[in-house]
$ cat my_file_9.pdb   # PDB, C-alpha atoms and all ligand atoms
ATOM      1  CA  MET A   1     125.671 107.455 111.062
ATOM      2  CA  ASN A   2     127.025 103.957 110.706
ATOM      3  CA  LYS A   3     130.698 104.759 111.049
ATOM      4  CA  LYS A   4     133.264 102.001 110.580
ATOM      5  CA  ASN A   5     133.409 100.612 114.053
ATOM      6  CA  LYS A   6     136.447  99.552 116.006
ATOM      7  CA  PRO A   7     136.668  95.818 116.811
ATOM      8  CA  ASN A   8     135.326  96.069 120.369
ATOM      9  CA  GLU A   9     132.594  98.601 119.740
ATOM     10  CA  LEU A  10     129.052  97.406 120.308
ATOM     11  CA  ASN A  11     126.583  97.812 117.438
ATOM     12  CA  ILE A  12     123.308  99.014 118.912
ATOM     13  CA  ALA A  13     120.157  99.286 116.784
ATOM     14  CA  ILE A  14     118.219 102.476 117.497
ATOM     15  CA  GLN A  15     115.147 104.124 116.045
ATOM     16  CA  GLY A  16     116.473 107.421 114.781
ATOM     17  CA  TYR A  17     119.631 109.226 113.712
ATOM     18  CA  GLU A  18     122.456 111.283 115.157
ATOM     19  CA  GLY A  19     121.002 113.690 117.728
ATOM     20  CA  SER A  20     117.891 111.574 118.383
ATOM     21  CA  PHE A  21     116.675 110.717 121.860
ATOM     22  CA  HIS A  22     117.261 107.039 121.135
ATOM     23  CA  GLN A  23     120.938 107.753 120.503
ATOM     24  CA  GLU A  24     121.196 109.483 123.876
ATOM     25  CA  ALA A  25     119.382 106.607 125.612
ATOM     26  CA  ALA A  26     121.692 104.056 123.934
ATOM     27  CA  GLN A  27     124.780 106.018 125.015
ATOM     28  CA  THR A  28     123.439 106.264 128.567
ATOM     29  CA  PHE A  29     123.142 102.489 128.761
ATOM     30  CA  PHE A  30     126.131 101.294 126.687
ATOM     31  CA  GLY A  31     128.548 104.246 126.955
ATOM     32  CA  LYS A  32     129.622 106.843 124.393
ATOM     33  CA  ASN A  33     131.727 104.400 122.383
ATOM     34  CA  MET A  34     128.893 102.304 121.075
ATOM     35  CA  ASN A  35     128.127 102.362 117.359
ATOM     36  CA  ALA A  36     124.507 103.272 116.553
ATOM     37  CA  VAL A  37     122.840 101.225 113.815
ATOM     38  CA  CYS A  38     120.238 103.786 112.731
ATOM     39  CA  CYS A  39     116.782 102.580 111.732
ATOM     40  CA  ASP A  40     113.806 104.523 110.342
ATOM     41  CA  THR A  41     111.148 102.576 112.197
ATOM     42  CA  PHE A  42     110.640 100.486 115.330
ATOM     43  CA  ARG A  43     109.926  97.487 113.069
ATOM     44  CA  ASP A  44     113.369  97.908 111.519
ATOM     45  CA  VAL A  45     114.962  98.040 114.985
ATOM     46  CA  ILE A  46     113.421  94.649 115.773
ATOM     47  CA  LYS A  47     114.618  93.198 112.438
ATOM     48  CA  VAL A  48     118.167  94.437 113.018
ATOM     49  CA  VAL A  49     118.281  93.112 116.589
ATOM     50  CA  LEU A  50     117.041  89.706 115.437
ATOM     51  CA  ASN A  51     119.995  89.555 113.036
ATOM     52  CA  LYS A  52     123.092  88.730 115.064
ATOM     53  CA  LYS A  53     125.393  89.870 112.251
ATOM     54  CA  GLU A  54     123.945  93.383 112.265
ATOM     55  CA  SER A  55     123.724  94.221 115.972
ATOM     56  CA  ASP A  56     124.621  93.319 119.546
ATOM     57  CA  ALA A  57     121.409  94.745 121.053
ATOM     58  CA  GLY A  58     118.723  97.358 120.418
ATOM     59  CA  VAL A  59     116.933 100.281 122.071
ATOM     60  CA  MET A  60     113.207 100.901 121.707
ATOM     61  CA  ALA A  61     111.002 103.535 123.401
ATOM     62  CA  ILE A  62     107.978 101.984 125.085
ATOM     63  CA  GLU A  63     106.185 104.771 126.983
ATOM     64  CA  ASN A  64     106.268 108.451 127.785
ATOM     65  CA  THR A  65     104.852 110.323 130.773
ATOM     66  CA  ILE A  66     102.928 112.811 128.603
ATOM     67  CA  ALA A  67     102.112 110.868 125.423
ATOM     68  CA  GLY A  68     101.491 107.473 127.088
ATOM     69  CA  SER A  69     102.302 103.914 126.004
ATOM     70  CA  ILE A  70     103.590 103.198 122.498
ATOM     71  CA  LEU A  71     101.159 100.323 122.085
ATOM     72  CA  PRO A  72     102.413  98.925 118.743
ATOM     73  CA  ASN A  73     105.835  98.418 120.348
ATOM     74  CA  TYR A  74     104.399  95.941 122.862
ATOM     75  CA  ASN A  75     103.063  93.943 119.954
ATOM     76  CA  LEU A  76     106.415  94.102 118.130
ATOM     77  CA  LEU A  77     108.208  92.948 121.268
ATOM     78  CA  HIS A  78     105.817  90.062 121.784
ATOM     79  CA  LYS A  79     105.896  88.833 118.191
ATOM     80  CA  SER A  80     109.689  89.087 117.924
ATOM     81  CA  GLY A  81     110.456  86.907 120.939
ATOM     82  CA  LEU A  82     113.238  89.364 121.876
ATOM     83  CA  LYS A  83     114.008  89.790 125.581
ATOM     84  CA  ILE A  84     114.240  92.930 127.695
ATOM     85  CA  VAL A  85     117.695  93.122 129.302
ATOM     86  CA  GLY A  86     117.527  96.646 130.713
ATOM     87  CA  GLU A  87     115.722  99.971 130.645
ATOM     88  CA  VAL A  88     116.526 103.693 130.637
ATOM     89  CA  TYR A  89     114.256 106.464 131.906
ATOM     90  CA  MET A  90     115.296 109.710 130.255
ATOM     91  CA  LEU A  91     114.185 113.291 130.782
ATOM     92  CA  ILE A  92     113.092 114.601 127.380
ATOM     93  CA  ARG A  93     113.285 118.296 126.542
ATOM     94  CA  GLN A  94     111.567 119.247 123.308
ATOM     95  CA  ASN A  95     112.516 122.400 121.409
ATOM     96  CA  LEU A  96     111.181 124.157 118.326
ATOM     97  CA  MET A  97     113.941 124.959 115.851
ATOM     98  CA  VAL A  98     114.161 126.732 112.491
ATOM     99  CA  ASN A  99     116.780 127.764 109.960
ATOM    100  CA  ILE A 100     118.784 130.678 111.366
ATOM    101  CA  GLY A 101     116.899 134.011 111.211
ATOM    102  CA  VAL A 102     113.438 132.567 110.429
ATOM    103  CA  PRO A 103     110.805 134.339 112.596
ATOM    104  CA  LEU A 104     107.973 132.439 114.322
ATOM    105  CA  GLU A 105     105.384 134.184 112.080
ATOM    106  CA  ASP A 106     106.882 132.587 108.963
ATOM    107  CA  ILE A 107     106.394 129.021 110.155
ATOM    108  CA  LYS A 108     103.639 127.136 108.325
ATOM    109  CA  GLU A 109     104.488 123.515 109.145
ATOM    110  CA  VAL A 110     106.084 121.723 112.084
ATOM    111  CA  HIS A 111     107.760 118.356 111.506
ATOM    112  CA  SER A 112     108.709 115.712 114.065
ATOM    113  CA  HIS A 113     108.301 112.164 115.347
ATOM    114  CA  SER A 114     104.685 111.552 116.356
ATOM    115  CA  MET A 115     105.634 110.949 120.015
ATOM    116  CA  ALA A 116     107.514 114.266 120.102
ATOM    117  CA  LEU A 117     104.542 116.148 118.584
ATOM    118  CA  GLN A 118     102.228 114.592 121.153
ATOM    119  CA  GLN A 119     104.474 115.788 123.958
ATOM    120  CA  CYS A 120     104.037 119.399 122.777
ATOM    121  CA  PHE A 121     100.314 119.590 121.908
ATOM    122  CA  LYS A 122      99.607 122.332 124.472
ATOM    123  CA  TYR A 123     102.133 124.663 122.831
ATOM    124  CA  LEU A 124     101.264 123.572 119.281
ATOM    125  CA  ASP A 125      97.538 124.169 119.883
ATOM    126  CA  GLU A 126      98.327 127.863 120.398
ATOM    127  CA  HIS A 127      99.360 128.075 116.733
ATOM    128  CA  ARG A 128      97.762 127.196 113.428
ATOM    129  CA  TRP A 129     100.620 125.171 111.997
ATOM    130  CA  LYS A 130     100.248 122.033 109.931
ATOM    131  CA  LEU A 131     101.774 119.152 111.913
ATOM    132  CA  VAL A 132     103.733 116.591 109.910
ATOM    133  CA  GLU A 133     104.724 113.246 111.448
ATOM    134  CA  THR A 134     108.189 112.052 110.457
ATOM    135  CA  GLU A 135     110.438 109.053 111.184
ATOM    136  CA  ASP A 136     112.604 110.865 113.687
ATOM    137  CA  THR A 137     113.224 114.182 115.445
ATOM    138  CA  ALA A 138     116.890 114.395 114.464
ATOM    139  CA  LEU A 139     116.333 113.341 110.845
ATOM    140  CA  SER A 140     113.727 116.123 110.551
ATOM    141  CA  ALA A 141     116.310 118.604 111.842
ATOM    142  CA  LYS A 142     118.887 117.334 109.359
ATOM    143  CA  LYS A 143     116.418 117.594 106.453
ATOM    144  CA  LEU A 144     115.355 121.118 107.476
ATOM    145  CA  ALA A 145     118.950 122.336 107.535
ATOM    146  CA  LYS A 146     119.590 120.773 104.134
ATOM    147  CA  SER A 147     116.454 122.210 102.506
ATOM    148  CA  LYS A 148     116.943 125.690 104.052
ATOM    149  CA  ASN A 149     113.110 125.922 104.021
ATOM    150  CA  PRO A 150     112.027 129.215 105.717
ATOM    151  CA  HIS A 151     108.479 127.970 106.476
ATOM    152  CA  VAL A 152     109.201 124.785 108.417
ATOM    153  CA  GLY A 153     109.943 124.300 112.105
ATOM    154  CA  VAL A 154     111.141 121.047 113.686
ATOM    155  CA  ILE A 155     110.756 119.671 117.200
ATOM    156  CA  ALA A 156     113.929 117.976 118.377
ATOM    157  CA  SER A 157     116.674 117.915 121.012
ATOM    158  CA  ARG A 158     119.144 120.706 121.784
ATOM    159  CA  LEU A 159     121.866 118.375 120.520
ATOM    160  CA  ALA A 160     120.107 118.103 117.131
ATOM    161  CA  ALA A 161     119.946 121.935 116.891
ATOM    162  CA  GLU A 162     123.690 122.095 117.558
ATOM    163  CA  ILE A 163     124.655 119.303 115.158
ATOM    164  CA  TYR A 164     122.564 120.634 112.247
ATOM    165  CA  ASP A 165     123.129 124.320 112.972
ATOM    166  CA  LEU A 166     119.502 125.312 113.552
ATOM    167  CA  GLU A 167     118.154 128.092 115.769
ATOM    168  CA  MET A 168     116.138 127.053 118.824
ATOM    169  CA  ILE A 169     113.346 129.564 118.487
ATOM    170  CA  ALA A 170     111.234 128.124 121.344
ATOM    171  CA  PRO A 171     113.019 125.918 123.906
ATOM    172  CA  ASN A 172     111.299 123.515 126.345
ATOM    173  CA  ILE A 173     107.907 123.385 124.669
ATOM    174  CA  HIS A 174     106.872 119.997 126.129
ATOM    175  CA  THR A 175     103.539 120.229 127.930
ATOM    176  CA  MET A 176     104.855 119.275 131.378
ATOM    177  CA  LYS A 177     108.251 119.753 132.948
ATOM    178  CA  ASN A 178     108.401 116.111 134.016
ATOM    179  CA  ASN A 179     108.606 114.599 130.553
ATOM    180  CA  TYR A 180     110.212 111.169 130.756
ATOM    181  CA  THR A 181     110.484 108.460 128.115
ATOM    182  CA  ARG A 182     111.151 104.871 129.097
ATOM    183  CA  PHE A 183     113.385 102.977 126.659
ATOM    184  CA  LEU A 184     113.792  99.189 126.656
ATOM    185  CA  ILE A 185     117.116  97.502 125.918
ATOM    186  CA  LEU A 186     116.458  94.407 123.811
ATOM    187  CA  ASN A 187     118.429  91.313 122.928
ATOM    188  CA  ARG A 188     118.029  87.891 121.360
ATOM    189  CA  GLU A 189     117.012  85.152 123.777
ATOM    190  CA  GLU A 190     120.117  83.041 123.055
ATOM    191  CA  ASP A 191     122.391  85.963 123.980
ATOM    192  CA  VAL A 192     120.732  86.771 127.292
ATOM    193  CA  VAL A 193     122.852  86.115 130.364
ATOM    194  CA  GLU A 194     121.613  86.187 133.937
ATOM    195  CA  ILE A 195     121.757  89.769 135.238
ATOM    196  CA  GLU A 196     123.224  90.037 138.716
ATOM    197  CA  GLY A 197     121.111  92.228 141.006
ATOM    198  CA  ALA A 198     118.058  92.049 138.725
ATOM    199  CA  ASN A 199     115.059  93.590 140.496
ATOM    200  CA  LYS A 200     112.449  93.943 137.753
ATOM    201  CA  ALA A 201     110.657  91.603 135.339
ATOM    202  CA  SER A 202     108.182  91.914 132.484
ATOM    203  CA  ILE A 203     105.729  89.114 131.817
ATOM    204  CA  TYR A 204     102.973  88.444 129.292
ATOM    205  CA  PHE A 205      99.956  86.192 129.735
ATOM    206  CA  HIS A 206      96.280  85.768 129.185
ATOM    207  CA  THR A 207      93.629  84.248 131.378
ATOM    208  CA  ASP A 208      90.554  82.227 130.446
ATOM    209  CA  ASN A 209      88.651  85.535 130.713
ATOM    210  CA  SER A 210      86.333  84.118 133.343
ATOM    211  CA  LYS A 211      85.030  86.461 136.040
ATOM    212  CA  GLY A 212      87.770  87.438 138.510
ATOM    213  CA  SER A 213      90.530  85.567 136.629
ATOM    214  CA  LEU A 214      92.825  88.597 136.326
ATOM    215  CA  ALA A 215      92.191  89.634 139.940
ATOM    216  CA  LYS A 216      93.285  86.150 141.101
ATOM    217  CA  VAL A 217      96.597  86.516 139.245
ATOM    218  CA  LEU A 218      97.220  90.003 140.632
ATOM    219  CA  ASN A 219      96.434  88.846 144.165
ATOM    220  CA  LYS A 220      99.070  86.120 143.917
ATOM    221  CA  ILE A 221     101.637  88.696 142.766
ATOM    222  CA  ASN A 222     100.709  90.859 145.743
ATOM    223  CA  GLU A 223     101.019  87.894 148.147
ATOM    224  CA  VAL A 224     104.775  87.713 147.575
ATOM    225  CA  ASP A 225     105.174  91.459 148.127
ATOM    226  CA  ILE A 226     105.993  92.278 144.499
ATOM    227  CA  ASN A 227     105.270  95.828 143.361
ATOM    228  CA  LEU A 228     103.238  95.730 140.159
ATOM    229  CA  SER A 229     104.547  98.844 138.384
ATOM    230  CA  LYS A 230     102.600  98.540 135.122
ATOM    231  CA  LEU A 231      99.634  96.658 133.729
ATOM    232  CA  GLN A 232      98.808  96.992 130.043
ATOM    233  CA  SER A 233      95.988  95.117 128.372
ATOM    234  CA  PHE A 234      95.550  94.350 124.653
ATOM    235  CA  PRO A 235      92.759  92.747 122.649
ATOM    236  CA  ILE A 236      94.014  89.382 121.335
ATOM    237  CA  PRO A 237      94.000  89.783 117.527
ATOM    238  CA  GLY A 238      91.171  87.829 115.933
ATOM    239  CA  SER A 239      89.563  86.916 119.267
ATOM    240  CA  ASP A 240      86.097  87.917 120.332
ATOM    241  CA  TRP A 241      87.215  90.727 122.666
ATOM    242  CA  LYS A 242      89.550  88.601 124.728
ATOM    243  CA  TYR A 243      92.547  90.330 126.249
ATOM    244  CA  SER A 244      96.189  89.607 126.950
ATOM    245  CA  PHE A 245      98.212  91.409 129.607
ATOM    246  CA  HIS A 246     101.709  92.796 129.916
ATOM    247  CA  VAL A 247     102.819  93.236 133.526
ATOM    248  CA  ASP A 248     105.960  94.906 134.910
ATOM    249  CA  MET A 249     106.951  93.846 138.411
ATOM    250  CA  GLU A 250     109.538  95.129 140.878
ATOM    251  CA  PHE A 251     111.043  92.996 143.643
ATOM    252  CA  SER A 252     114.040  92.942 145.944
ATOM    253  CA  ASP A 253     114.831  89.220 145.744
ATOM    254  CA  ILE A 254     114.589  87.059 142.606
ATOM    255  CA  LYS A 255     113.005  84.312 144.765
ATOM    256  CA  GLN A 256     109.877  86.489 144.985
ATOM    257  CA  LEU A 257     109.607  86.410 141.195
ATOM    258  CA  HIS A 258     110.103  82.629 140.996
ATOM    259  CA  HIS A 259     107.502  82.154 143.701
ATOM    260  CA  ALA A 260     105.001  84.429 141.923
ATOM    261  CA  LEU A 261     105.558  82.657 138.578
ATOM    262  CA  GLU A 262     104.960  79.269 140.214
ATOM    263  CA  MET A 263     101.696  80.466 141.715
ATOM    264  CA  ILE A 264     100.324  82.179 138.619
ATOM    265  CA  THR A 265     101.263  79.468 136.095
ATOM    266  CA  PRO A 266      98.098  77.405 136.792
ATOM    267  CA  LEU A 267      95.955  80.575 136.615
ATOM    268  CA  THR A 268      97.227  81.811 133.247
ATOM    269  CA  GLU A 269      97.565  80.764 129.624
ATOM    270  CA  GLU A 270     100.622  81.394 127.445
ATOM    271  CA  LEU A 271     102.609  82.840 130.327
ATOM    272  CA  ARG A 272     105.876  84.224 129.000
ATOM    273  CA  VAL A 273     108.725  86.017 130.784
ATOM    274  CA  ASN A 274     109.775  88.841 128.471
ATOM    275  CA  GLY A 275     112.773  89.866 130.542
ATOM    276  CA  ILE A 276     114.419  89.941 133.966
ATOM    277  CA  TYR A 277     116.554  93.042 134.361
ATOM    278  CA  LYS A 278     117.645  95.948 136.556
ATOM    279  CA  LYS A 279     115.182  98.769 137.115
ATOM    280  CA  GLY A 280     116.355 101.957 135.381
ATOM    281  CA  LYS A 281     116.939 105.235 137.188
ATOM    282  CA  ASN A 282     115.451 108.560 136.077
ATOM    283  CA  MET A 283     118.217 110.292 134.056
TER
HETATM  284  O1  LIG B   1     112.691 110.867 117.343
HETATM  285  C1  LIG B   1     113.459 110.633 118.271
HETATM  286  O2  LIG B   1     114.429 111.359 118.566
HETATM  287  C2  LIG B   1     113.271 109.428 119.064
HETATM  288  O3  LIG B   1     114.214 108.961 119.661
HETATM  289  C3  LIG B   1     111.883 108.832 119.168
HETATM  290  C4  LIG B   1     111.131 109.181 120.442
HETATM  291  C5  LIG B   1     109.959 108.178 120.729
HETATM  292  O4  LIG B   1     109.762 107.245 119.998
HETATM  293  O5  LIG B   1     109.270 108.356 121.748
HETATM  294  C6  LIG B   1     112.004 109.074 121.624
HETATM  295  C7  LIG B   1     111.857 109.852 122.699
HETATM  296  C8  LIG B   1     110.911 110.972 122.719
HETATM  297  O6  LIG B   1     109.841 110.560 123.565
HETATM  298  C9  LIG B   1     110.348 111.293 121.393
HETATM  299  C10 LIG B   1     110.551 110.517 120.312
END
$ encode --input "my_file_9.pdb" --output "C-alpha cells" --more "lines below"
Ligand SMILES: O=C(O)C(=O)C[C@]1(C(=O)O)C=C[C@@H](O)C=C1
Amino acid sequence: MNKKNKPNELNIAIQGYEGSFHQEAAQTFFGKNMNAVCCDTFRDVIKVVLNKKESDAGVMAIENTIAGSILPNYNLLHKSGLKIVGEVYMLIRQNLMVNIGVPLEDIKEVHSHSMALQQCFKYLDEHRWKLVETEDTALSAKKLAKSKNPHVGVIASRLAAEIYDLEMIAPNIHTMKNNYTRFLILNREEDVVEIEGANKASIYFHTDNSKGSLAKVLNKINEVDINLSKLQSFPIPGSDWKYSFHVDMEFSDIKQLHHALEMITPLTEELRVNGIYKKGKNM
C-alpha cells in the first residue's frame, strides 16, 4: 500500500495492510492523510520506526480486552528503546468472510491474525474448522479474494470485506461485544517532544526481588494519588526467576509523576520511562 506520498504526508509504520485494524488505528491518531508503511510483523514495525528515513512514527497493538496482553510486544518495545507518544483504544468488530456465494458448510479452514482468531474462539469452537494463523487480517482477505478458494474463510474487518469484495457470511463473531484493542504510538527518543496535557506514563523497572520490594514501590505511587492502570510482570531473560515490571500510570498533573519517580528511584533498579503521553479515549 505504500503509495507515493505527498511532501507533507506522515509515513507511519503499521503491522498489516490496507483494511487492517492497525491502519484504522493509525488513521484515528494521525488523520486520513497519513501514508501507511505496511509491515508483516511487529518486529518489522520496530525496525522501520527505528529508521528515520523510512518512517515518522509507528503503531503497535499491545493488548486486547478478550485476548489479553501481546507479551512479545512489551519485550520488543523495551529492547528497541522506542518511546510511547500516544495510544488509541479501538472497538474491534470481527467478521467471517468468504468468496461470494460460498456456503458455511463448504468452509474447511479459517485464516487470520492470531489475535483476531483468539477474539473469536467461542464462535470458532462451534465448528470443526482448521485455524490458520497469518500475518494480518486484511492480507488474509486479499489472498482469499485472489485465490478464489471456496473452502477458506477469513476473519477480518468490514472494511477488508468491502475492499477485497468478499461476502461477510457471519458478522460480529467476537466473543464479547466489548472488544477493544489498545494500540501504542511509537517514536524514536530523539524525536520525542514534550506533550502538552500529558496525563499518562509507562515505566519499566525491576526491584532487588526482596520480600515486599514491589509493594513498597506501588505504595509510593499510591501516595501521590496516581492511578496505576496496568501492571505487567516478565521473567528477566537468563535470570533465576527474577522479574521486571511494566507499569502504566494515570495522573492529572505531571508533578505527581515527577514526585513518584523521585520516590521510587532508590527502590528500583534500571528504572526507565518508556513514554509520557495523553491517555487515549475508547473509539
Ligand atoms: O491483523 C490486523 O488487522 C491487525 O491490525 C492486528 C491486530 C492485533 O495485532 O491485535 C489488531 C487488532 C485486532 O485486535 C486484531 C489483530
$ residues_near_ligand --input "my_file_9.pdb" --ligand "ligand LIG 1 (chain B)" --cutoff "7 Å" --atoms "only C-alpha atoms and all ligand atoms" --output "JSON, numbers by chain"
{"A": [15, 16, 20, 21, 22, 23, 61, 64, 92, 113, 115, 116, 135, 136, 137, 138, 156, 181]}
$ resolve_selection --input "my_file_9.pdb" --expression "the PyMOL selection byres (((chain A and resi 223) around 10) and not hetatm)" --output "PyMOL selection string"
chain A and resi 218-222+224-226+256+259-260+263
$ residues_near_point --input "my_file_9.pdb" --point "(93.1, 95.0, 126.0)" --cutoff "7 Å" --atoms "all atoms listed in the file" --output "list of chain:residue names"
A:Ser233, A:Phe234, A:Pro235, A:Tyr243, A:Ser244
$ atom_distance --input "my_file_9.pdb" --atom1 "atom CA of A:His258" --atom2 "atom CA of A:Ala215"
19.3 Å
$ closest_residue --input "my_file_9.pdb" --among "A:Asn11, A:Thr41, A:Asn149, A:Asn178" --to "A:Ala26" --atoms "all atoms listed in the file"
A:Asn11
$ resolve_selection --input "my_file_9.pdb" --expression "the PyMOL selection byres (((chain A and resi 177) around 10) and not hetatm)" --output "PDB file with C-alpha atoms, in the coordinates of the input"
ATOM      1  CA  ILE A  66     102.928 112.811 128.603  1.00  0.00           C
ATOM      2  CA  LEU A  91     114.185 113.291 130.782  1.00  0.00           C
ATOM      3  CA  ILE A  92     113.092 114.601 127.380  1.00  0.00           C
ATOM      4  CA  ARG A  93     113.285 118.296 126.542  1.00  0.00           C
ATOM      5  CA  ASN A 172     111.299 123.515 126.345  1.00  0.00           C
ATOM      6  CA  ILE A 173     107.907 123.385 124.669  1.00  0.00           C
ATOM      7  CA  HIS A 174     106.872 119.997 126.129  1.00  0.00           C
ATOM      8  CA  THR A 175     103.539 120.229 127.930  1.00  0.00           C
ATOM      9  CA  MET A 176     104.855 119.275 131.378  1.00  0.00           C
ATOM     10  CA  ASN A 178     108.401 116.111 134.016  1.00  0.00           C
ATOM     11  CA  ASN A 179     108.606 114.599 130.553  1.00  0.00           C
ATOM     12  CA  TYR A 180     110.212 111.169 130.756  1.00  0.00           C
TER      13      TYR A 180
END
$ closest_residue --input "my_file_9.pdb" --among "A:Lys146, A:Gly86, A:Thr134, A:His111" --to "A:Asn99" --atoms "only C-alpha atoms"
A:Lys146
$ axis_aligned_box --input "my_file_9.pdb" --around "stretch 145-160 of chain A" --padding-each-side "3 Å" --output "AutoDock Vina command-line options"
--center_x 115.2 --center_y 123.6 --center_z 112.1 --size_x 19.4 --size_y 17.3 --size_z 25.3
$ residues_around --input "my_file_9.pdb" --residues "A:Leu82" --least-positions-apart "5" --cutoff "6 Å" --atoms "only C-alpha atoms" --output "list of chain:residue names"
A:Asn187, A:Arg188, A:Glu189
$ residues_around --input "my_file_9.pdb" --residues "A:Ser202" --least-positions-apart "2" --cutoff "10 Å" --atoms "only C-alpha atoms" --output "list in words"
Lys83, Ile84, Lys200, Tyr204, Leu228, Ser229, Lys230, Leu231, His246, Val247, Asp248, Met249, Glu250, Arg272, Val273, Asn274, Gly275, Ile276 and Tyr277 of chain A
$ closest_residue --input "my_file_9.pdb" --among "A:Val192, A:Met97, A:Arg182, A:Lys143" --to "A:Ile155" --atoms "only C-alpha atoms"
A:Met97
$ atom_distance --input "my_file_9.pdb" --atom1 "atom CA of A:Val48" --atom2 "atom CA of A:Lys32"
20.4 Å
$ residues_near_point --input "my_file_9.pdb" --point "(123.2, 104.7, 126.9)" --cutoff "10 Å" --atoms "all atoms listed in the file" --output "list in words"
Ile12, His22, Gln23, Glu24, Ala25, Ala26, Gln27, Thr28, Phe29, Phe30, Gly31, Lys32, Asn33, Met34, Val59, Glu87, Val88, Met90, Phe183 and Ile185 of chain A
$ write_last_selection --input "my_file_9.pdb" --atoms "C-alpha atoms" --output "compact mmCIF listing (two decimals), in the coordinates of the input"
# COMPACT_ATOMS: atom_id res chain seq x y z
CA ILE A 12 123.31 99.01 118.91
CA HIS A 22 117.26 107.04 121.14
CA GLN A 23 120.94 107.75 120.50
CA GLU A 24 121.20 109.48 123.88
CA ALA A 25 119.38 106.61 125.61
CA ALA A 26 121.69 104.06 123.93
CA GLN A 27 124.78 106.02 125.02
CA THR A 28 123.44 106.26 128.57
CA PHE A 29 123.14 102.49 128.76
CA PHE A 30 126.13 101.29 126.69
CA GLY A 31 128.55 104.25 126.96
CA LYS A 32 129.62 106.84 124.39
CA ASN A 33 131.73 104.40 122.38
CA MET A 34 128.89 102.30 121.08
CA VAL A 59 116.93 100.28 122.07
CA GLU A 87 115.72 99.97 130.65
CA VAL A 88 116.53 103.69 130.64
CA MET A 90 115.30 109.71 130.26
CA PHE A 183 113.38 102.98 126.66
CA ILE A 185 117.12 97.50 125.92
$ atom_distance --input "my_file_9.pdb" --atom1 "atom CA of A:Phe42" --atom2 "atom CA of A:Pro72"
9.0 Å
$ closest_residue --input "my_file_9.pdb" --among "A:Tyr89, A:Tyr17, A:Phe121, A:Tyr164" --to "A:Lys142" --atoms "only C-alpha atoms"
A:Tyr164
$ closest_residue --input "my_file_9.pdb" --among "A:Ala201, A:Leu124, A:Ile236, A:Leu214" --to "A:Ile254" --atoms "only C-alpha atoms"
A:Ala201
$ resolve_selection --input "my_file_9.pdb" --expression "the PyMOL selection byres (((chain A and resi 110) around 7) and not hetatm)" --output "count of residues only"
10
$ closest_residue --input "my_file_9.pdb" --among "A:Asn95, A:Asn199, A:Ser239, A:Gln118" --to "A:Ala160" --atoms "all atoms listed in the file"
A:Asn95
